[in-house]
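Data from my_file.cif: mmCIF, C-alpha atoms and all ligand atoms
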data_start
#
loop_
_atom_site.label_atom_id
_atom_site.label_comp_id
_atom_site.auth_asym_id
_atom_site.auth_seq_id
_atom_site.Cartn_x
_atom_site.Cartn_y
_atom_site.Cartn_z
CA MET A 1 -44.24 22.23 -2.32
CA GLU A 2 -41.71 24.89 -1.35
CA LEU A 3 -38.61 23.90 0.52
CA SER A 4 -37.68 26.35 3.17
CA ALA A 5 -34.41 27.40 1.60
CA PRO A 6 -32.81 29.18 4.57
CA ILE A 7 -33.03 26.05 6.72
CA VAL A 8 -32.16 23.53 4.04
CA ASP A 9 -29.20 25.68 3.11
CA HIS A 10 -27.71 25.04 6.52
CA LEU A 11 -27.93 21.25 6.31
CA ALA A 12 -24.67 19.36 6.05
CA THR A 13 -26.39 16.91 3.72
CA ALA A 14 -26.53 17.80 0.04
CA VAL A 15 -30.14 18.34 -0.98
CA LEU A 16 -31.51 18.66 -4.50
CA MET A 17 -35.06 19.06 -5.63
CA LEU A 18 -36.04 17.94 -9.12
CA ASP A 19 -39.06 19.27 -10.96
CA PRO A 20 -41.48 16.91 -12.76
CA SER A 21 -39.21 16.88 -15.82
CA ARG A 22 -36.43 15.69 -13.49
CA GLN A 23 -34.39 18.83 -13.79
CA VAL A 24 -32.82 20.51 -10.81
CA ALA A 25 -35.15 23.16 -9.41
CA TYR A 26 -33.21 23.76 -6.23
CA ALA A 27 -29.83 22.82 -4.72
CA ASN A 28 -28.62 23.74 -1.25
CA SER A 29 -25.10 24.90 -0.42
CA ALA A 30 -23.96 21.44 0.66
CA ALA A 31 -24.96 20.22 -2.82
CA GLU A 32 -22.99 23.07 -4.40
CA GLN A 33 -19.98 21.93 -2.42
CA LEU A 34 -20.41 18.25 -3.09
CA PHE A 35 -20.77 18.61 -6.85
CA GLY A 36 -18.43 21.58 -7.09
CA LEU A 37 -21.02 23.52 -9.09
CA GLY A 38 -22.88 26.71 -8.29
CA GLN A 39 -26.62 26.78 -7.68
CA ARG A 40 -27.19 28.61 -10.97
CA ARG A 41 -25.12 26.22 -12.98
CA MET A 42 -27.05 23.26 -11.56
CA ARG A 43 -30.51 24.63 -12.09
CA GLY A 44 -32.17 23.02 -15.10
CA CYS A 45 -29.62 20.20 -15.28
CA THR A 46 -30.59 16.56 -15.09
CA LEU A 47 -29.01 14.55 -12.30
CA SER A 48 -26.49 12.86 -14.58
CA GLU A 49 -25.26 16.21 -15.87
CA LEU A 50 -24.04 17.10 -12.39
CA TYR A 51 -21.16 14.62 -12.30
CA GLN A 52 -18.58 12.82 -14.33
CA HIS A 53 -19.31 9.41 -12.97
CA LEU A 54 -21.65 7.74 -10.49
CA SER A 55 -21.31 4.02 -9.88
CA VAL A 56 -24.92 3.07 -10.57
CA ASP A 57 -26.40 2.04 -13.89
CA ALA A 58 -28.93 4.25 -15.64
CA HIS A 59 -31.73 1.72 -15.26
CA THR A 60 -31.41 1.45 -11.46
CA LEU A 61 -31.16 5.20 -11.09
CA ASN A 62 -34.17 5.84 -13.30
CA SER A 63 -36.33 3.32 -11.51
CA ALA A 64 -35.35 4.84 -8.15
CA LEU A 65 -36.29 8.28 -9.51
CA GLY A 66 -39.60 6.94 -10.78
CA SER A 67 -40.50 5.05 -7.61
CA ASN A 68 -43.27 6.23 -5.33
CA GLN A 69 -41.35 5.22 -2.20
CA LEU A 70 -38.15 6.32 -0.58
CA GLN A 71 -35.18 4.60 -2.20
CA THR A 72 -31.63 4.64 -0.88
CA LEU A 73 -28.62 3.65 -2.93
CA TYR A 74 -25.69 2.92 -0.68
CA ALA A 75 -21.97 3.51 -1.08
CA LEU A 76 -21.89 4.89 -4.61
CA ALA A 77 -18.63 6.20 -6.01
CA LEU A 78 -19.08 9.76 -7.23
CA ALA A 79 -16.60 11.64 -9.42
CA THR A 80 -17.46 15.29 -9.91
CA HIS A 81 -16.61 17.59 -12.81
CA ASP A 82 -13.95 19.34 -10.76
CA GLY A 83 -12.08 16.09 -10.25
CA GLN A 84 -13.10 15.28 -6.69
CA HIS A 85 -14.23 11.84 -5.69
CA HIS A 86 -16.49 10.82 -2.86
CA THR A 87 -18.40 7.84 -1.66
CA ILE A 88 -22.04 8.76 -1.10
CA ASP A 89 -25.33 7.33 0.05
CA LEU A 90 -28.11 8.66 -2.16
CA SER A 91 -31.67 8.85 -0.90
CA ILE A 92 -34.43 9.60 -3.37
CA SER A 93 -37.93 10.41 -2.16
CA PRO A 94 -41.04 11.36 -4.11
CA LEU A 95 -42.65 14.70 -3.22
CA PRO A 96 -46.17 15.84 -4.08
CA GLN A 97 -46.76 17.09 -7.63
CA GLN A 98 -44.19 14.73 -9.09
CA GLN A 99 -41.28 16.55 -7.62
CA ILE A 100 -38.35 14.52 -6.33
CA LEU A 101 -36.18 15.15 -3.30
CA ILE A 102 -32.62 13.87 -3.41
CA GLU A 103 -30.25 13.72 -0.47
CA ALA A 104 -26.61 12.78 -0.89
CA ARG A 105 -24.49 12.05 2.15
CA ALA A 106 -20.74 11.75 1.72
CA ILE A 107 -19.56 8.79 3.76
CA ASP A 108 -15.93 9.17 2.75
CA GLN A 109 -14.63 9.80 6.18
CA GLN A 110 -16.02 6.67 7.85
CA GLN A 111 -15.52 4.59 4.76
CA ARG A 112 -11.92 5.68 4.39
CA ILE A 113 -11.13 4.91 7.99
CA SER A 114 -12.66 1.47 7.81
CA GLU A 115 -10.93 0.86 4.48
CA GLU A 116 -7.68 1.91 6.02
CA LEU A 117 -8.15 -0.41 8.97
CA GLN A 118 -9.16 -3.19 6.64
CA GLN A 119 -6.10 -2.58 4.53
CA TYR A 120 -3.89 -2.80 7.57
CA ALA A 121 -5.58 -5.92 8.87
CA GLN A 122 -5.28 -7.46 5.43
CA HIS A 123 -1.66 -6.52 5.08
CA HIS A 124 -0.85 -7.77 8.54
CA ALA A 125 -2.63 -11.10 8.03
CA ALA A 126 -0.90 -11.61 4.70
CA GLN A 127 2.47 -10.81 6.22
CA LEU A 128 1.98 -13.29 9.04
CA LEU A 129 0.91 -15.99 6.65
CA VAL A 130 3.82 -15.39 4.32
CA ARG A 131 6.36 -15.22 7.12
CA GLY A 132 5.08 -18.42 8.65
CA LEU A 133 5.08 -20.22 5.34
CA ALA A 134 8.45 -18.84 4.35
CA HIS A 135 9.98 -20.13 7.53
CA GLU A 136 8.45 -23.57 7.07
CA ILE A 137 9.61 -23.75 3.48
CA LYS A 138 13.09 -22.31 3.81
CA ASN A 139 14.39 -24.64 6.49
CA PRO A 140 13.67 -27.98 4.81
CA LEU A 141 14.68 -26.40 1.52
CA GLY A 142 18.12 -25.58 2.91
CA GLY A 143 18.49 -29.20 4.02
CA LEU A 144 17.40 -30.49 0.65
CA ARG A 145 19.84 -28.30 -1.21
CA GLY A 146 22.70 -29.15 1.13
CA ALA A 147 22.08 -32.88 0.73
CA ALA A 148 21.97 -32.57 -3.05
CA GLN A 149 25.29 -30.75 -2.97
CA LEU A 150 26.90 -33.45 -0.85
CA LEU A 151 25.51 -36.10 -3.14
CA GLN A 152 26.89 -34.26 -6.15
CA MET A 153 30.37 -34.26 -4.66
CA GLU A 154 30.20 -38.01 -4.06
CA LEU A 155 28.95 -38.82 -7.52
CA GLN A 156 31.56 -39.82 -10.09
CA ASP A 157 29.08 -40.14 -12.88
CA ASN A 158 28.50 -36.91 -14.83
CA GLU A 159 25.18 -38.08 -16.11
CA LEU A 160 23.86 -38.41 -12.58
CA THR A 161 25.10 -35.00 -11.46
CA GLU A 162 22.70 -33.57 -14.00
CA PHE A 163 19.94 -34.68 -11.63
CA THR A 164 21.49 -33.26 -8.49
CA GLN A 165 22.01 -30.03 -10.42
CA ILE A 166 18.29 -29.91 -11.15
CA ILE A 167 17.49 -30.35 -7.46
CA ILE A 168 19.85 -27.52 -6.56
CA GLU A 169 18.49 -25.18 -9.24
CA GLN A 170 14.89 -25.82 -8.38
CA ALA A 171 15.59 -25.35 -4.68
CA ASP A 172 17.18 -21.98 -5.51
CA ARG A 173 14.19 -21.03 -7.57
CA LEU A 174 11.86 -21.81 -4.73
CA ARG A 175 14.02 -19.86 -2.30
CA ASN A 176 13.93 -16.85 -4.61
CA LEU A 177 10.18 -17.03 -4.78
CA VAL A 178 9.94 -17.14 -1.00
CA ASP A 179 12.29 -14.15 -0.76
CA ARG A 180 10.20 -12.20 -3.22
CA LEU A 181 7.06 -13.09 -1.28
CA LEU A 182 8.67 -11.80 1.87
CA GLY A 183 9.51 -8.56 0.10
CA PRO A 184 12.40 -6.28 0.91
CA GLN A 185 13.59 -6.78 4.43
CA TYR A 186 13.90 -4.09 6.98
CA PRO A 187 16.10 -2.14 7.69
CA GLY A 188 16.61 -0.40 4.37
CA GLN A 189 19.13 2.20 3.30
CA TRP A 190 17.78 5.36 4.85
CA GLN A 191 18.95 8.57 3.25
CA LEU A 192 17.60 11.90 2.06
CA GLY A 193 15.93 11.36 -1.27
CA ASN A 194 13.91 13.31 -3.80
CA VAL A 195 10.49 11.96 -4.74
CA HIS A 196 10.41 13.73 -8.09
CA ARG A 197 13.63 12.09 -9.17
CA LEU A 198 12.09 8.72 -8.30
CA LEU A 199 8.87 9.49 -10.15
CA GLU A 200 10.92 10.52 -13.18
CA SER A 201 13.18 7.49 -13.28
CA SER A 202 10.41 4.96 -12.77
CA SER A 203 8.09 6.60 -15.30
CA GLN A 204 10.89 6.70 -17.87
CA LEU A 205 11.40 3.00 -17.43
CA CYS A 206 7.67 2.41 -17.86
CA GLN A 207 7.61 4.50 -20.98
CA LEU A 208 10.50 2.52 -22.42
CA GLU A 209 8.73 -0.72 -21.67
CA SER A 210 5.61 0.49 -23.44
CA HIS A 211 7.60 1.66 -26.48
CA GLY A 212 6.75 5.31 -25.96
CA GLN A 213 3.01 4.86 -26.49
CA ILE A 214 2.18 6.13 -23.03
CA GLU A 215 1.80 9.81 -22.51
CA ILE A 216 3.06 11.10 -19.19
CA GLU A 217 1.57 14.16 -17.52
CA ARG A 218 3.35 15.71 -14.58
CA ASP A 219 1.94 17.94 -11.93
CA TYR A 220 4.61 18.32 -9.28
CA ASP A 221 4.78 20.52 -6.24
CA PRO A 222 8.39 21.74 -6.43
CA SER A 223 8.39 22.85 -2.81
CA ILE A 224 8.47 19.26 -1.51
CA PRO A 225 11.84 18.89 0.19
CA ASP A 226 14.14 15.89 0.14
CA PHE A 227 13.27 13.62 3.03
CA LEU A 228 14.38 10.43 4.70
CA MET A 229 13.59 7.35 2.65
CA ASP A 230 15.02 4.23 1.13
CA PRO A 231 15.18 5.59 -2.44
CA ALA A 232 15.79 2.27 -4.17
CA GLN A 233 12.85 0.61 -2.45
CA LEU A 234 10.53 3.54 -2.91
CA GLU A 235 11.37 3.60 -6.59
CA GLN A 236 10.48 -0.07 -6.73
CA ALA A 237 7.10 0.65 -5.14
CA LEU A 238 6.37 3.47 -7.62
CA LEU A 239 7.50 1.35 -10.52
CA ASN A 240 5.27 -1.56 -9.52
CA ILE A 241 2.25 0.75 -9.43
CA MET A 242 3.09 2.53 -12.69
CA ARG A 243 3.76 -0.73 -14.45
CA ASN A 244 0.29 -1.97 -13.52
CA GLY A 245 -1.16 1.27 -14.88
CA CYS A 246 0.70 0.91 -18.17
CA GLN A 247 -0.31 -2.72 -18.47
CA ALA A 248 -3.94 -1.86 -17.71
CA MET A 249 -3.92 0.77 -20.45
CA GLN A 250 -2.52 -1.88 -22.78
CA GLN A 251 0.49 0.30 -23.46
CA GLN A 252 -1.62 3.21 -24.66
CA GLY A 253 -3.07 6.11 -22.70
CA THR A 254 -2.09 8.76 -20.21
CA LEU A 255 -0.25 8.26 -16.96
CA ARG A 256 -0.61 11.24 -14.68
CA LEU A 257 1.90 11.80 -11.91
CA ARG A 258 1.14 14.25 -9.18
CA SER A 259 2.84 15.33 -5.97
CA ARG A 260 1.36 17.44 -3.24
CA SER A 261 2.15 18.55 0.26
CA HIS A 262 -0.65 17.26 2.40
CA GLY A 263 -0.19 18.81 5.81
CA ALA A 264 -0.80 16.77 8.95
CA MET A 265 -2.26 13.28 8.79
CA THR A 266 -2.76 10.31 11.07
CA ILE A 267 -1.60 7.04 9.56
CA ALA A 268 -2.17 3.77 11.40
CA GLY A 269 -2.72 5.65 14.63
CA THR A 270 0.42 7.79 14.40
CA ARG A 271 0.07 11.48 13.76
CA HIS A 272 2.55 12.98 11.30
CA ARG A 273 3.00 16.72 11.04
CA GLN A 274 3.71 16.74 7.37
CA VAL A 275 2.85 14.18 4.74
CA VAL A 276 3.36 14.18 0.99
CA ALA A 277 0.85 12.63 -1.36
CA LEU A 278 2.12 11.07 -4.58
CA SER A 279 -0.55 9.96 -6.97
CA ILE A 280 -0.29 7.85 -10.06
CA ARG A 281 -3.33 7.83 -12.26
CA ASP A 282 -3.97 5.88 -15.41
CA SER A 283 -6.75 6.06 -17.95
CA GLY A 284 -7.20 2.29 -18.17
CA PRO A 285 -10.37 0.27 -17.62
CA GLY A 286 -10.22 0.29 -13.81
CA ILE A 287 -9.64 -2.43 -11.25
CA ALA A 288 -11.77 -5.53 -11.68
CA ARG A 289 -14.46 -5.69 -9.00
CA GLU A 290 -13.62 -9.30 -8.07
CA ILE A 291 -10.17 -8.40 -6.81
CA ARG A 292 -10.79 -4.94 -5.34
CA ASP A 293 -11.00 -6.25 -1.78
CA THR A 294 -7.89 -8.38 -1.92
CA LEU A 295 -5.83 -6.15 -4.19
CA PHE A 296 -2.86 -5.96 -1.85
CA TYR A 297 -2.65 -9.65 -1.02
CA PRO A 298 0.33 -11.44 -2.46
CA MET A 299 -0.49 -13.58 -5.50
CA VAL A 300 -3.72 -11.80 -6.34
CA THR A 301 -3.63 -11.23 -10.07
CA ASP A 302 -5.91 -11.35 -13.06
CA LYS A 303 -3.09 -11.58 -15.58
CA ALA A 304 -2.18 -14.87 -17.20
CA ASP A 305 1.51 -14.30 -16.54
CA GLY A 306 1.15 -12.10 -13.46
CA SER A 307 2.90 -12.85 -10.18
CA GLY A 308 0.45 -10.85 -8.10
CA LEU A 309 3.38 -9.61 -6.04
CA GLY A 310 3.72 -6.05 -7.35
CA LEU A 311 1.20 -4.37 -5.06
CA SER A 312 1.98 -6.51 -2.05
CA ILE A 313 5.63 -5.46 -2.33
CA ALA A 314 4.67 -1.81 -2.87
CA GLN A 315 2.43 -1.95 0.19
CA ASN A 316 5.22 -3.49 2.21
CA ILE A 317 7.68 -0.77 1.22
CA VAL A 318 5.23 2.03 1.89
CA SER A 319 4.41 0.59 5.32
CA GLN A 320 8.09 0.51 6.13
CA HIS A 321 8.09 4.22 5.35
CA GLN A 322 5.19 4.54 7.81
CA GLY A 323 2.93 5.57 4.96
CA ARG A 324 -0.17 4.20 3.35
CA ILE A 325 -1.65 3.62 -0.08
CA ASP A 326 -5.11 4.69 -1.19
CA VAL A 327 -6.90 3.50 -4.30
CA ASP A 328 -9.69 5.07 -6.30
CA SER A 329 -10.84 3.31 -9.40
CA TRP A 330 -13.62 3.42 -11.94
CA PRO A 331 -13.59 2.90 -15.69
CA GLY A 332 -11.14 5.31 -17.29
CA HIS A 333 -9.59 6.34 -14.00
CA THR A 334 -7.43 4.38 -11.59
CA GLU A 335 -5.49 6.33 -9.07
CA PHE A 336 -3.08 5.03 -6.46
CA THR A 337 -2.04 7.60 -3.88
CA LEU A 338 0.98 7.07 -1.65
CA TYR A 339 0.98 9.08 1.56
CA LEU A 340 4.47 9.37 2.98
CA PRO A 341 5.34 11.18 6.20
CA LEU A 342 8.19 13.66 5.88
CA ARG A 343 11.01 12.70 8.17
CA PHE A 344 14.41 14.27 8.25
CA LYS A 345 16.11 12.55 11.16
CA GLU A 346 16.25 8.90 11.90
CA SER A 347 14.28 8.24 15.03
CA LEU A 348 14.57 4.47 15.15
N1 LIG B 1 -3.84 0.44 -12.56
C1 LIG B 1 -4.56 -0.70 -12.54
N2 LIG B 1 -5.66 -0.84 -13.33
C2 LIG B 1 -6.38 -1.99 -13.33
N3 LIG B 1 -6.09 -3.06 -12.55
C3 LIG B 1 -5.02 -2.98 -11.75
C4 LIG B 1 -4.20 -1.81 -11.70
N4 LIG B 1 -3.22 -2.02 -10.79
C5 LIG B 1 -3.42 -3.27 -10.31
N5 LIG B 1 -4.48 -3.85 -10.88
C6 LIG B 1 -4.97 -5.21 -10.61
O1 LIG B 1 -4.31 -5.70 -9.46
C7 LIG B 1 -3.73 -6.96 -9.72
C8 LIG B 1 -2.52 -7.16 -8.85
O2 LIG B 1 -1.45 -6.33 -9.24
P1 LIG B 1 0.02 -6.75 -8.86
O3 LIG B 1 0.09 -7.03 -7.40
O4 LIG B 1 0.98 -5.75 -9.39
O5 LIG B 1 0.23 -8.14 -9.60
P2 LIG B 1 0.38 -8.44 -11.17
O6 LIG B 1 0.70 -7.15 -11.87
O7 LIG B 1 1.48 -9.42 -11.25
O8 LIG B 1 -0.93 -9.02 -11.60
C9 LIG B 1 -3.47 -6.95 -11.21
O9 LIG B 1 -3.45 -8.26 -11.74
C10 LIG B 1 -4.63 -6.14 -11.75
O10 LIG B 1 -5.75 -6.97 -11.93
MG MG B 2 2.08 -5.77 -11.26
#
Encoding of this model in structure tokens:
Amino acid sequence: MELSAPIVDHLATAVLMLDPSRQVAYANSAAEQLFGLGQRRMRGCTLSELYQHLSVDAHTLNSALGSNQLQTLYALALATHDGQHHTIDLSISPLPQQQILIEARAIDQQQRISEELQQYAQHHAAQLLVRGLAHEIKNPLGGLRGAAQLLQMELQDNELTEFTQIIIEQADRLRNLVDRLLGPQYPGQWQLGNVHRLLESSSQLCQLESHGQIEIERDYDPSIPDFLMDPAQLEQALLNIMRNGCQAMQQQGTLRLRSRSHGAMTIAGTRHRQVVALSIRDSGPGIAREIRDTLFYPMVTDKADGSGLGLSIAQNIVSQHQGRIDVDSWPGHTEFTLYLPLRFKESL
């Protein structure tokens, strides 16, 4: 069967046709765009040669290719050879003479928007919960600590003050935990700051912590101007993310830092004329599937000694900068991207 190339070429959906030996016989222009490869380069390749990674195991893919009915694989993560990543739905249908028709639809746009909304809803719910709890805990805690202090002053016996001291110390510990859960409180110290300086200082700290085993690659856009931020807090956010990366790589691997001007972008319903994207990528094993959906909740961790607060605090700080955080992760590649609107004058 011949596909009518001129028409198929105009489809927005990526279309591939495989010959009976499952090699690409035809690819339309949308497929060239999606995979970042020219028609000629793709011809004769097997499907798996067209990309770096596709989140489906070989067995499932092969049985879909061998099936005599239409099969659709939903929401697969695709990483192409030119470093792009997309979420795609892949439909595979058998054609006469053992040819196979493959359609790949990028669903990034919708998916991203719903992920973004979900992230906001999640963040908001977590914040409410934490604030409510913090309030309920802090008040009685203050009373408890005050009473222990009074008691301590009344006590003549040194042996007994040891106990009141314990009450006071433990109350302080609990208060610190609650404060950390709440994260840095608004308003911060707004001033013009330089993102590259922050990336440098936090990555140096990370490298020190990992005893120099981590390689750091930089790809900075030097034209990014200084803009209004709380530098200390933003550095904390970057450090929390980098630290996770270094820990995930078990102190060995490559941390790639990248900065880009992103142009206009709408974040949480507000349109910003200019946004910078800072991405931090590690070559570790990727984020465990079980925690992907709750990654930014406080106390979500899969480390024995983890607090699970790093990302929740980072998220908090980035939201206060009216920005957002994106995550892309598969084995060997975990990338957190911070989008921060450029502001030069305080408009609060
Ligand atoms: N770069 C990464 N690679 C793999 N997993 C990650 C990465 N960053 C975060 N995670 C996962 O997210 C969890 C939460 O991170 P975080 O909030 O910083 O808490 P903690 O580091 O204390 O566990 C981590 O326990 C880890 O499972
Ligand atoms: Mg952490």
Extract, using all atoms listed in the file, all DNA, RNA and protein residues at most 8 Å from His262 (chain A), discarding same-chain residues fewer than 2 positions from it, and format them as a list in words.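 With the cut-off at 8 Å, the set is Arg260, Ala264, Met265, Gln274, Val275, Val276 and Ala277 of chain A.
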Please check which residues have atoms at most 12 Å from (-28.9, 3.6, -10.6) in the file's coordinates, counting all atoms listed in the file, and write them as a list in words.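 Within the cut-off we find Leu47, Ser48, His53, Leu54, Ser55, Val56, Asp57, Ala58, His59, Thr60, Leu61, Asn62, Ser63, Ala64, Leu65, Gly66, Gln71, Thr72, Leu73, Tyr74, Ala75, Leu76, Ala77, Asp89, Leu90, Ser91 and Ile92 of chain A.
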Using all atoms listed in the file: which of A:Gln122, A:Gln84, A:Gln247, A:Ser21 has the shortest distance to ligand MG 2 (chain B): A:Gln247
Within 6 Å of (-25.7, 24.5, 2.9), all atoms listed in the file: residues as a list in words? Asp9, His10, Leu11, Asn28, Ser29 and Ala30 of chain A
Can I get the residues of region 84-154 of chain A within 12 Å of region 158-180 of chain A, each with the closest pair of atoms and their distance in Å to one decimal, using only C-alpha atoms, sorted chain first then ascending number, as JSON lines?
{"residue": "A:Leu129", "atom": "CA", "partner": "A:Val178", "partner_atom": "CA", "distance": 11.9}
{"residue": "A:Val130", "atom": "CA", "partner": "A:Val178", "partner_atom": "CA", "distance": 8.3}
{"residue": "A:Arg131", "atom": "CA", "partner": "A:Val178", "partner_atom": "CA", "distance": 9.1}
{"residue": "A:Gly132", "atom": "CA", "partner": "A:Val178", "partner_atom": "CA", "distance": 10.9}
{"residue": "A:Leu133", "atom": "CA", "partner": "A:Val178", "partner_atom": "CA", "distance": 8.6}
{"residue": "A:Ala134", "atom": "CA", "partner": "A:Val178", "partner_atom": "CA", "distance": 5.8}
{"residue": "A:His135", "atom": "CA", "partner": "A:Val178", "partner_atom": "CA", "distance": 9.0}
{"residue": "A:Glu136", "atom": "CA", "partner": "A:Val178", "partner_atom": "CA", "distance": 10.4}
{"residue": "A:Ile137", "atom": "CA", "partner": "A:Val178", "partner_atom": "CA", "distance": 8.0}
{"residue": "A:Lys138", "atom": "CA", "partner": "A:Arg175", "partner_atom": "CA", "distance": 6.6}
{"residue": "A:Asn139", "atom": "CA", "partner": "A:Arg175", "partner_atom": "CA", "distance": 10.0}
{"residue": "A:Pro140", "atom": "CA", "partner": "A:Ala171", "partner_atom": "CA", "distance": 10.0}
{"residue": "A:Leu141", "atom": "CA", "partner": "A:Ala171", "partner_atom": "CA", "distance": 6.4}
{"residue": "A:Gly142", "atom": "CA", "partner": "A:Ala171", "partner_atom": "CA", "distance": 8.0}
{"residue": "A:Gly143", "atom": "CA", "partner": "A:Ala171", "partner_atom": "CA", "distance": 9.9}
{"residue": "A:Leu144", "atom": "CA", "partner": "A:Ala171", "partner_atom": "CA", "distance": 7.6}
{"residue": "A:Arg145", "atom": "CA", "partner": "A:Ile168", "partner_atom": "CA", "distance": 5.4}
{"residue": "A:Gly146", "atom": "CA", "partner": "A:Ile168", "partner_atom": "CA", "distance": 8.4}
{"residue": "A:Ala147", "atom": "CA", "partner": "A:Thr164", "partner_atom": "CA", "distance": 9.2}
{"residue": "A:Ala148", "atom": "CA", "partner": "A:Thr164", "partner_atom": "CA", "distance": 5.5}
{"residue": "A:Gln149", "atom": "CA", "partner": "A:Thr164", "partner_atom": "CA", "distance": 7.2}
{"residue": "A:Leu150", "atom": "CA", "partner": "A:Thr164", "partner_atom": "CA", "distance": 9.4}
{"residue": "A:Leu151", "atom": "CA", "partner": "A:Thr164", "partner_atom": "CA", "distance": 7.3}
{"residue": "A:Gln152", "atom": "CA", "partner": "A:Thr161", "partner_atom": "CA", "distance": 5.7}
{"residue": "A:Met153", "atom": "CA", "partner": "A:Thr161", "partner_atom": "CA", "distance": 8.6}
{"residue": "A:Glu154", "atom": "CA", "partner": "A:Thr161", "partner_atom": "CA", "distance": 9.5}
Test item: residues no farther than 8 Å from ligand LIG 1 (chain B), counting all atoms listed in the file, as a PyMOL selection string: chain A and resi 240-249+281-282+284-288+291-292+295-303+305-313+329+334-336
Selected residues written out with C-alpha atoms, as a PDB file, in the frame of the given file:
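The resulting selection-v1.pdb:
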ATOM      1  CA  ASN A 240       5.270  -1.560  -9.520  1.00  0.00           C
ATOM      2  CA  ILE A 241       2.250   0.750  -9.430  1.00  0.00           C
ATOM      3  CA  MET A 242       3.090   2.530 -12.690  1.00  0.00           C
ATOM      4  CA  ARG A 243       3.760  -0.730 -14.450  1.00  0.00           C
ATOM      5  CA  ASN A 244       0.290  -1.970 -13.520  1.00  0.00           C
ATOM      6  CA  GLY A 245      -1.160   1.270 -14.880  1.00  0.00           C
ATOM      7  CA  CYS A 246       0.700   0.910 -18.170  1.00  0.00           C
ATOM      8  CA  GLN A 247      -0.310  -2.720 -18.470  1.00  0.00           C
ATOM      9  CA  ALA A 248      -3.940  -1.860 -17.710  1.00  0.00           C
ATOM     10  CA  MET A 249      -3.920   0.770 -20.450  1.00  0.00           C
ATOM     11  CA  ARG A 281      -3.330   7.830 -12.260  1.00  0.00           C
ATOM     12  CA  ASP A 282      -3.970   5.880 -15.410  1.00  0.00           C
ATOM     13  CA  GLY A 284      -7.200   2.290 -18.170  1.00  0.00           C
ATOM     14  CA  PRO A 285     -10.370   0.270 -17.620  1.00  0.00           C
ATOM     15  CA  GLY A 286     -10.220   0.290 -13.810  1.00  0.00           C
ATOM     16  CA  ILE A 287      -9.640  -2.430 -11.250  1.00  0.00           C
ATOM     17  CA  ALA A 288     -11.770  -5.530 -11.680  1.00  0.00           C
ATOM     18  CA  ILE A 291     -10.170  -8.400  -6.810  1.00  0.00           C
ATOM     19  CA  ARG A 292     -10.790  -4.940  -5.340  1.00  0.00           C
ATOM     20  CA  LEU A 295      -5.830  -6.150  -4.190  1.00  0.00           C
ATOM     21  CA  PHE A 296      -2.860  -5.960  -1.850  1.00  0.00           C
ATOM     22  CA  TYR A 297      -2.650  -9.650  -1.020  1.00  0.00           C
ATOM     23  CA  PRO A 298       0.330 -11.440  -2.460  1.00  0.00           C
ATOM     24  CA  MET A 299      -0.490 -13.580  -5.500  1.00  0.00           C
ATOM     25  CA  VAL A 300      -3.720 -11.800  -6.340  1.00  0.00           C
ATOM     26  CA  THR A 301      -3.630 -11.230 -10.070  1.00  0.00           C
ATOM     27  CA  ASP A 302      -5.910 -11.350 -13.060  1.00  0.00           C
ATOM     28  CA  LYS A 303      -3.090 -11.580 -15.580  1.00  0.00           C
ATOM     29  CA  ASP A 305       1.510 -14.300 -16.540  1.00  0.00           C
ATOM     30  CA  GLY A 306       1.150 -12.100 -13.460  1.00  0.00           C
ATOM     31  CA  SER A 307       2.900 -12.850 -10.180  1.00  0.00           C
ATOM     32  CA  GLY A 308       0.450 -10.850  -8.100  1.00  0.00           C
ATOM     33  CA  LEU A 309       3.380  -9.610  -6.040  1.00  0.00           C
ATOM     34  CA  GLY A 310       3.720  -6.050  -7.350  1.00  0.00           C
ATOM     35  CA  LEU A 311       1.200  -4.370  -5.060  1.00  0.00           C
ATOM     36  CA  SER A 312       1.980  -6.510  -2.050  1.00  0.00           C
ATOM     37  CA  ILE A 313       5.630  -5.460  -2.330  1.00  0.00           C
ATOM     38  CA  SER A 329     -10.840   3.310  -9.400  1.00  0.00           C
ATOM     39  CA  THR A 334      -7.430   4.380 -11.590  1.00  0.00           C
ATOM     40  CA  GLU A 335      -5.490   6.330  -9.070  1.00  0.00           C
ATOM     41  CA  PHE A 336      -3.080   5.030  -6.460  1.00  0.00           C
TER      42      PHE A 336
END
